[in-house]
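Structure file final_37.txt (compact mmCIF, C-alpha atoms) follows.
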# COMPACT_ATOMS: atom_id res chain seq x y z
CA GLY A 2 107.65 87.11 147.20
CA ALA A 3 111.22 88.36 147.26
CA VAL A 4 114.45 88.20 149.27
CA ASN A 5 116.63 91.20 150.06
CA VAL A 6 120.29 90.47 150.78
CA LEU A 7 122.46 92.95 152.72
CA TYR A 8 126.21 92.34 152.89
CA GLY A 9 128.40 92.79 155.95
CA SER A 10 131.27 95.23 156.25
CA GLY A 11 133.73 96.48 158.83
CA SER A 12 131.05 98.83 160.10
CA GLY A 13 128.20 96.29 160.03
CA LEU A 14 125.55 95.66 157.39
CA SER A 15 125.74 98.03 154.45
CA ALA A 16 123.49 98.95 151.53
CA ALA A 17 126.52 98.64 149.24
CA ARG A 18 126.01 95.73 146.78
CA ASN A 19 122.62 94.84 148.29
CA GLN A 20 120.51 92.53 146.14
CA LEU A 21 116.84 91.77 145.52
CA TRP A 22 116.11 88.21 144.45
CA THR A 23 112.82 87.10 142.89
CA GLN A 24 111.68 84.46 140.44
CA ASP A 25 111.09 87.19 137.87
CA ARG A 26 114.81 87.85 137.52
CA SER A 27 116.11 86.61 134.18
CA ASP A 28 118.90 84.66 135.92
CA ILE A 29 116.63 82.74 138.36
CA THR A 30 114.80 79.53 137.47
CA GLY A 31 111.03 79.63 137.85
CA VAL A 32 108.27 82.15 137.25
CA GLY A 33 106.89 84.45 139.92
CA ASN A 34 103.13 83.97 140.31
CA ASN A 35 100.51 85.29 142.69
CA GLY A 36 100.76 83.64 146.10
CA ASP A 37 104.03 81.73 145.55
CA ALA A 38 105.45 83.07 148.86
CA PHE A 39 109.05 83.07 147.59
CA GLY A 40 111.23 83.67 150.66
CA SER A 41 108.87 82.44 153.38
CA ALA A 42 111.61 80.05 154.52
CA LEU A 43 115.38 80.57 154.23
CA THR A 44 118.59 78.78 155.14
CA SER A 45 122.21 78.98 154.09
CA GLY A 46 125.08 76.54 153.70
CA ASP A 47 128.12 75.81 151.59
CA PHE A 48 126.47 73.23 149.36
CA ASP A 49 129.28 73.08 146.78
CA GLY A 50 132.26 73.19 149.16
CA ASN A 51 133.84 76.36 147.74
CA ASN A 52 134.05 78.04 151.18
CA ARG A 53 131.29 80.52 150.34
CA ASP A 54 127.77 80.23 151.66
CA ASP A 55 124.86 79.61 149.32
CA LEU A 56 121.20 80.55 149.88
CA ALA A 57 118.18 78.23 149.80
CA VAL A 58 114.83 79.96 149.38
CA GLY A 59 111.54 78.22 150.14
CA VAL A 60 108.68 78.78 147.71
CA PRO A 61 106.01 76.61 149.38
CA PHE A 62 103.05 77.68 147.22
CA GLU A 63 104.86 77.31 143.89
CA ASP A 64 102.77 75.55 141.23
CA ILE A 65 104.71 72.95 139.26
CA LYS A 66 103.12 72.61 135.85
CA SER A 67 99.42 72.02 136.68
CA VAL A 68 99.99 70.90 140.30
CA SER A 69 98.96 73.74 142.58
CA ASP A 70 100.89 74.62 145.75
CA MET A 71 103.22 71.66 145.35
CA GLY A 72 106.10 73.84 146.49
CA ALA A 73 109.71 74.34 145.47
CA VAL A 74 113.09 75.58 146.67
CA ASN A 75 115.39 77.92 144.74
CA VAL A 76 119.11 77.61 145.54
CA ILE A 77 121.37 80.55 144.72
CA TYR A 78 125.13 80.01 144.91
CA GLY A 79 127.75 82.21 146.52
CA THR A 80 130.93 83.49 144.86
CA GLY A 81 133.81 85.77 145.74
CA THR A 82 131.59 88.74 144.89
CA GLY A 83 128.41 87.51 146.60
CA LEU A 84 125.36 85.57 145.46
CA ARG A 85 124.88 85.17 141.73
CA GLY A 86 122.21 83.58 139.56
CA THR A 87 124.61 81.53 137.46
CA GLY A 88 124.12 77.82 138.20
CA ASN A 89 121.05 78.37 140.40
CA GLN A 90 118.73 75.42 140.92
CA LEU A 91 115.00 74.85 141.38
CA TRP A 92 114.14 71.78 143.44
CA HIS A 93 110.77 70.04 143.88
CA GLN A 94 109.48 66.51 144.31
CA ASN A 95 108.83 65.98 140.61
CA LYS A 96 112.49 66.47 139.68
CA ALA A 97 114.04 63.37 138.14
CA ASN A 98 115.36 60.91 140.73
CA MET A 99 113.87 62.79 143.70
CA LYS A 100 112.22 60.71 146.41
CA GLY A 101 108.49 61.23 146.77
CA SER A 102 105.81 62.40 144.40
CA GLY A 103 104.68 66.00 144.27
CA GLN A 104 101.00 66.48 145.03
CA ALA A 105 98.75 69.50 145.19
CA GLY A 106 99.07 71.30 148.51
CA ASP A 107 102.24 69.52 149.72
CA GLN A 108 104.00 72.86 150.33
CA PHE A 109 107.52 71.52 149.76
CA GLY A 110 109.88 74.18 151.10
CA SER A 111 107.79 75.32 154.07
CA ALA A 112 110.81 74.76 156.34
CA LEU A 113 114.52 74.49 155.54
CA ALA A 114 117.74 73.52 157.35
CA GLY A 115 121.27 73.31 155.98
CA ASP A 116 124.27 71.52 157.56
CA ASP A 117 126.78 68.75 156.88
CA PHE A 118 124.98 65.49 157.72
CA ASP A 119 127.62 63.17 156.22
CA GLY A 120 130.84 64.92 157.27
CA ASP A 121 132.21 65.47 153.75
CA ASP A 122 132.75 69.23 154.27
CA ARG A 123 129.84 70.12 152.00
CA ASP A 124 126.57 71.19 153.52
CA ASP A 125 123.37 69.35 152.75
CA LEU A 126 119.77 70.60 152.63
CA ALA A 127 116.72 69.33 154.50
CA VAL A 128 113.36 70.44 153.09
CA GLY A 129 110.12 70.22 155.07
CA VAL A 130 107.00 68.99 153.26
CA PRO A 131 104.50 69.22 156.14
CA PHE A 132 101.37 68.57 154.08
CA GLU A 133 102.66 65.48 152.27
CA ASP A 134 100.11 62.65 152.14
CA ILE A 135 101.57 59.23 153.01
CA ALA A 136 99.83 56.04 151.85
CA GLY A 137 96.54 57.90 151.54
CA VAL A 138 96.84 59.52 154.98
CA ALA A 139 96.41 63.28 154.63
CA ASN A 140 99.00 65.83 155.77
CA THR A 141 101.21 63.46 157.74
CA GLY A 142 104.27 65.28 156.42
CA ALA A 143 107.75 64.38 155.23
CA VAL A 144 111.29 65.75 154.89
CA ASN A 145 113.39 65.51 151.73
CA VAL A 146 117.18 65.66 152.10
CA LEU A 147 119.53 66.64 149.27
CA TYR A 148 123.28 66.12 149.66
CA GLY A 149 125.98 68.56 148.62
CA ALA A 150 128.56 67.86 145.91
CA GLY A 151 131.31 69.71 144.07
CA SER A 152 128.76 71.08 141.65
CA GLY A 153 126.20 71.89 144.35
CA LEU A 154 123.16 69.99 145.60
CA ALA A 155 122.46 66.78 143.72
CA THR A 156 119.89 63.98 143.72
CA ALA A 157 122.56 61.30 144.31
CA GLY A 158 121.77 59.65 147.64
CA ASN A 159 118.77 61.88 148.35
CA GLN A 160 116.48 60.74 151.14
CA MET A 161 112.86 61.08 152.22
CA TRP A 162 112.07 60.80 155.93
CA LYS A 163 108.69 60.39 157.58
CA GLN A 164 107.26 58.80 160.69
CA ASP A 165 106.51 55.56 158.87
CA THR A 166 110.09 55.26 157.58
CA ALA A 167 111.51 51.96 158.89
CA LYS A 168 112.85 52.27 162.46
CA ILE A 169 111.81 55.93 162.87
CA VAL A 170 110.04 56.40 166.20
CA GLY A 171 106.42 57.53 165.96
CA VAL A 172 103.37 56.72 163.87
CA ALA A 173 102.31 58.76 160.85
CA LYS A 174 98.76 60.03 161.36
CA PRO A 175 96.53 62.58 159.65
CA ASN A 176 97.57 66.21 160.05
CA ASP A 177 100.75 65.49 162.04
CA ASN A 178 102.66 67.99 159.85
CA PHE A 179 106.01 66.21 160.24
CA GLY A 180 108.53 68.67 158.81
CA GLY A 181 106.66 71.79 159.85
CA ALA A 182 109.88 73.05 161.48
CA LEU A 183 113.50 71.99 161.04
CA ALA A 184 116.86 72.62 162.71
CA ALA A 185 120.25 71.02 162.12
CA GLY A 186 123.33 70.80 164.33
CA ASP A 187 125.84 68.38 165.84
CA PHE A 188 124.22 67.31 169.11
CA SER A 189 126.82 64.61 169.88
CA GLY A 190 130.10 66.21 168.77
CA ASP A 191 130.89 63.52 166.18
CA ARG A 192 131.29 66.15 163.37
CA ASN A 193 128.17 64.89 161.56
CA ALA A 194 125.19 67.21 161.88
CA ASP A 195 121.92 65.79 163.16
CA LEU A 196 118.40 66.81 162.10
CA ALA A 197 115.56 67.88 164.39
CA VAL A 198 112.12 67.64 162.77
CA GLY A 199 109.13 69.37 164.31
CA VAL A 200 105.85 67.42 164.35
CA PRO A 201 103.72 70.12 165.98
CA GLN A 202 100.38 68.43 165.41
CA ASP A 203 101.47 64.91 166.43
CA ARG A 204 98.21 63.45 167.69
CA ASP A 205 99.71 60.86 170.00
CA THR A 206 102.03 63.21 171.90
CA LYS A 207 100.31 66.62 171.49
CA GLY A 208 103.34 67.81 169.54
CA ALA A 209 106.78 66.25 169.18
CA VAL A 210 110.26 66.51 167.69
CA ASN A 211 111.94 63.64 165.87
CA VAL A 212 115.75 63.74 165.99
CA ILE A 213 117.55 61.84 163.23
CA LEU A 214 121.30 61.42 163.66
CA GLY A 215 124.00 62.09 161.10
CA ALA A 216 126.72 59.60 160.13
CA ASN A 217 129.47 59.30 157.52
CA SER A 218 126.89 57.81 155.18
CA GLY A 219 124.41 60.62 155.87
CA LEU A 220 121.33 60.71 158.08
CA THR A 221 120.47 57.32 159.53
CA SER A 222 117.60 55.87 161.54
CA ALA A 223 120.06 54.33 164.03
CA GLY A 224 119.62 55.92 167.46
CA ASN A 225 116.81 58.26 166.44
CA ARG A 226 114.63 59.70 169.23
CA LEU A 227 111.16 61.17 169.60
CA TRP A 228 110.97 64.03 172.11
CA HIS A 229 107.78 65.48 173.60
CA GLN A 230 106.52 66.85 176.89
CA ASP A 231 105.72 63.38 178.20
CA SER A 232 109.26 62.11 177.48
CA SER A 233 111.11 60.97 180.61
CA GLY A 234 112.90 63.91 182.21
CA ILE A 235 111.19 66.60 180.14
CA ALA A 236 109.28 69.18 182.16
CA GLY A 237 105.61 69.75 181.48
CA THR A 238 102.69 67.65 180.29
CA GLY A 239 101.59 67.27 176.72
CA GLU A 240 98.17 68.77 176.12
CA SER A 241 96.09 68.97 172.99
CA GLY A 242 96.98 72.03 170.98
CA ASP A 243 100.28 72.88 172.72
CA ASN A 244 102.11 72.63 169.37
CA PHE A 245 105.40 71.46 170.86
CA GLY A 246 107.88 71.62 167.97
CA SER A 247 106.27 74.50 166.06
CA ALA A 248 109.62 76.32 166.06
CA LEU A 249 113.16 74.99 166.47
CA THR A 250 116.67 76.39 166.68
CA ILE A 251 120.08 75.19 167.82
CA GLY A 252 123.12 76.63 169.56
CA ASP A 253 125.80 75.73 172.10
CA TYR A 254 124.02 77.45 174.99
CA ASP A 255 126.21 76.07 177.80
CA GLY A 256 129.59 76.13 176.03
CA GLY A 257 129.85 72.34 176.35
CA GLY A 258 130.98 71.77 172.78
CA TYR A 259 127.70 70.13 171.74
CA MET A 260 124.80 71.80 170.01
CA ASP A 261 121.65 72.14 172.11
CA LEU A 262 118.05 72.32 170.90
CA ALA A 263 115.46 74.99 171.74
CA ILE A 264 111.85 74.04 171.08
CA GLY A 265 108.94 76.45 170.81
CA VAL A 266 105.65 75.47 172.47
CA PRO A 267 103.61 78.57 171.63
CA HIS A 268 100.21 77.36 172.81
CA GLU A 269 101.30 76.08 176.22
CA GLY A 270 99.26 77.51 179.10
CA ILE A 271 101.00 79.04 182.14
CA SER A 272 99.31 79.42 185.54
CA GLY A 273 95.86 78.95 184.06
CA ALA A 274 96.38 81.44 181.21
CA ASN A 275 95.85 79.87 177.79
CA ASP A 276 98.33 80.07 174.91
CA THR A 277 100.97 82.04 176.79
CA GLY A 278 103.71 79.85 175.34
CA ILE A 279 107.05 78.46 176.52
CA VAL A 280 110.44 77.42 175.14
CA GLN A 281 112.02 74.14 176.21
CA VAL A 282 115.76 73.52 175.87
CA ILE A 283 117.30 70.03 175.60
CA PHE A 284 121.08 69.85 175.86
CA GLY A 285 123.57 67.95 173.72
CA SER A 286 126.02 65.35 175.04
CA PRO A 287 128.33 62.60 173.70
CA SER A 288 125.21 60.47 173.31
CA ALA A 289 123.30 63.28 171.52
CA LEU A 290 120.40 65.08 173.18
CA THR A 291 119.65 64.19 176.79
CA SER A 292 116.90 65.27 179.16
CA ALA A 293 119.48 65.97 181.88
CA ARG A 294 119.30 69.69 182.77
CA ASP A 295 116.24 70.24 180.55
CA GLN A 296 115.07 73.85 180.89
CA THR A 297 111.71 75.58 180.49
CA TRP A 298 111.56 79.32 179.75
CA HIS A 299 108.59 81.68 179.66
CA GLN A 300 107.79 85.25 180.53
CA ASN A 301 107.09 84.31 184.14
CA SER A 302 110.53 82.68 184.53
CA THR A 303 112.67 84.32 187.20
CA GLY A 304 114.67 87.19 185.73
CA ILE A 305 112.84 87.25 182.38
CA LEU A 306 111.32 90.61 181.44
CA GLY A 307 107.63 90.79 180.69
CA ALA A 308 104.65 88.92 182.04
CA ALA A 309 102.97 85.85 180.59
CA GLY A 310 99.55 86.72 179.23
CA VAL A 311 96.73 84.98 177.40
CA GLY A 312 97.55 84.54 173.72
CA ASP A 313 101.17 85.75 173.93
CA HIS A 314 102.46 82.71 172.00
CA PHE A 315 105.96 82.96 173.49
CA GLY A 316 108.17 80.63 171.44
CA ALA A 317 106.26 80.98 168.16
CA ALA A 318 109.53 81.93 166.44
CA LEU A 319 113.12 81.06 167.37
CA ARG A 320 116.51 81.90 165.91
Show how you would write the structure in this file as C-alpha cells.
Amino acid sequence: GAVNVLYGSGSGLSAARNQLWTQDRSDITGVGNNGDAFGSALTSGDFDGNNRDDLAVGVPFEDIKSVSDMGAVNVIYGTGTGLRGTGNQLWHQNKANMKGSGQAGDQFGSALAGDDFDGDDRDDLAVGVPFEDIAGVANTGAVNVLYGAGSGLATAGNQMWKQDTAKIVGVAKPNDNFGGALAAGDFSGDRNADLAVGVPQDRDTKGAVNVILGANSGLTSAGNRLWHQDSSGIAGTGESGDNFGSALTIGDYDGGGYMDLAIGVPHEGISGANDTGIVQVIFGSPSALTSARDQTWHQNSTGILGAAGVGDHFGAALR
C-alpha cells in the first residue's frame, strides 16, 4: 500500500512537491509487508495544534510482531513545507498505555475520523477496530480514541468505546462490526465535535449508528443515541442485510450552523429491487441530531439522475 499526496495551488492541485508515502520509506515507522493495505483508510486533522494539518493512514492488515492482521495507524505530521516523516508515529493496541489488547484479525485502522472532541483546539483521532472481540464475543467491534497534544497524539486520556461500555446504548453481539465506519462533527453547535460510529451488522437493528457526544473532557456517554431505521421519526424499516451505517459522512447541508449526518444503506431494496441502496440524512440541532426533517435519497428520488437497479449499492461510499 501507498499514499500519494498532491498539494494545492492557485490553479488547483499541482504535481509540484507531490509525495509518495509508504512504510518502506526510511523516515516512516513500520515495515511494508504483503497485504498490509497501507492507505485503505485516511483522515486528516491538526493533532499537534500548529495550524497545519497532519495525516493519519490506516494500515488494517499490519502484523505487529507475531500477531497477524492486528492493524495499525501511521500518523505523518504537517509543516510549513508540507508533510514530513520527522516525528511520525505508529499506533496500535499493543502500544504502552493504550486501551484494549491487540488480537489477530482485529484490523485496527479500518476506519478513521479526526476532529476536536474536547474543544482544546487540537484535533483528536478515532480509530475503528471493527473485528475486535469483546469478552469472548467475536467481531463485536470497538473504537479507540487518541487525544491531541502539543507534541501530537498521545496516550494520555485515551479511550476505548464499544456497545458494552457503561451507558452506551446497544448490546454488543457477534459480528456487529461496531467501528466499521466513522464520522466526526459538531452536531449540536457546542464547539466540541461528536463521533458517529457505524455498526452495519448490528443484529438487533439490522444496522445502526451510535452517536457519542463531545464535551470539554472529551467524548462522554452522556446523551449518546443509537440511530437505525426503526428509530422514531426515521423513514424506512430495518431489514436483515440492509447494512445501515456502512458509510458515514458529515456536513452542514441546510446551512443551519450544525453538522448533519449522512448514512449509507447500500443494501436497502427500493420498489422490490434488491440492494439498490439509499442514503439517509439526519440533521443537527441544539440538542444534537434529531429525526425532524429526516431525508431519504436514492436514484428514484425526484430530480435525481439515474434509475435504481438491482445491486447498485447506492450509498456504499460517502464523502
Practice problem: Just give me the gap between CA of Tyr8 in chain A and CA of Asp25 in chain A in Å, one decimal is fine. | Solution: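 Distance reported for this atom pair: 21.9 Å.
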Quiz item: Could you pull the residues within 12 Å of Leu91 in chain A, counting all atoms listed in the file, minus those fewer than 6 positions along the same chain, as a list in words?
Solution: Gln24, Asp28, Ile29, Thr30, Gly31, Val32, Phe39, Leu56, Ala57, Val58, Gly59, Val60, Glu63, Ile65, Gly72, Ala73, Val74, Asn75, Val76, Ile77, Tyr78, Ala97, Phe109, Gly110, Gly153, Leu154 and Ala155 of chain A
Exercise. Would you list the contacts of range 181-191 of chain A as a PyMOL selection string, taking every protein, DNA or RNA residue within 8 Å and counting all atoms listed in the file, but skipping same-chain residues closer than 3 positions in sequence?
Key: chain A and resi 111-116+127+129-131+142+178+194-201+246-252+258-261+284-290
Quiz item: Which distance in Å separates CA of Val311 in chain A and CA of His268 in chain A, to one decimal?
Solution: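 Separation of CA of Val311 in chain A and CA of His268 in chain A: 9.6 Å.
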Exercise. Please indicate the distance in Å from CA of Leu262 in chain A to CA of Asn225 in chain A, rounded to one decimal place.
Key: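 So the answer is 14.8 Å.
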Quiz item: Which one of A:Asp49, A:Thr82, A:Asn217, A:Trp162 sits closest to Lys100 in chain A if you count all atoms listed in the file?
Solution: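 Comparing A:Asp49, A:Thr82, A:Asn217, A:Trp162 against Lys100 in chain A, the winner is A:Trp162.
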Quiz prompt | Selection near Thr297 in chain A, 8 Å with only C-alpha atoms, sequence-local residues under 2 positions removed, as number ranges by chain | solution = A: 236, 279-282, 295, 299
Quiz item: Got a sec: who's within 12 Å of Gly270 in chain A, counting all atoms listed in the file, leaving out chain neighbours fewer than 4 positions off, as a PyMOL selection string?
Solution: chain A and resi 237-245+266+274-280+299-301+309-315
Quiz item: Is there a way to get, as a VMD selection string, all residues within 10 Å of the point (108.2, 58.3, 174.9) in file coordinates, counting all atoms listed in the file?
Solution: chain A and resid 170 to 171 206 209 226 to 233
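Considering only C-alpha atoms, the residue among A:Thr166, A:Asn193, A:Gln94, A:Ser302 positioned nearest to Leu147 in chain A is A:Gln94.
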Exercise. Find the residue from A:Ser45, A:Asn89, A:Ser218, A:Gln108 that sits nearest to Gln160 in chain A; use all atoms listed in the file when measuring.
Key: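 Going through A:Ser45, A:Asn89, A:Ser218, A:Gln108 one by one, the smallest distance to Gln160 in chain A is for A:Ser218.
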Quiz item: Which one is closest to Gln20 in chain A: A:Arg85, A:Pro61, A:Val68, A:Phe48? Count only C-alpha atoms.
Solution: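 Checking each candidate against Gln20 in chain A, we get A:Arg85 as the closest.
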Using all atoms listed in the file, determine which residues lie at most 9 Å from Arg18 in chain A, disregarding the query and same-chain residues fewer than 2 positions distant; provide the list as a PDB file with C-alpha atoms, in the coordinates of the input.
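Result saved to around27.pdb:
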ATOM      1  CA  VAL A   6     120.290  90.470 150.780  1.00  0.00           C
ATOM      2  CA  LEU A   7     122.460  92.950 152.720  1.00  0.00           C
ATOM      3  CA  TYR A   8     126.210  92.340 152.890  1.00  0.00           C
ATOM      4  CA  SER A  15     125.740  98.030 154.450  1.00  0.00           C
ATOM      5  CA  ALA A  16     123.490  98.950 151.530  1.00  0.00           C
ATOM      6  CA  GLN A  20     120.510  92.530 146.140  1.00  0.00           C
ATOM      7  CA  GLY A  83     128.410  87.510 146.600  1.00  0.00           C
TER       8      GLY A  83
END
Quiz prompt | Selected residue of minimal separation from Thr141 in chain A among A:Arg294, A:Arg320, A:Arg192, A:Arg204, counting all atoms listed in the file | solution =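 Between A:Arg294, A:Arg320, A:Arg192, A:Arg204, the residue approaching Thr141 in chain A most closely is A:Arg204.
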Quiz item: Pick from A:Asn98, A:Ser41, A:Ile135, A:Ala308: nearest to Asp165 in chain A, with only C-alpha atoms counted?
Solution: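 Result for the nearest residue to Asp165 in chain A: A:Ile135.
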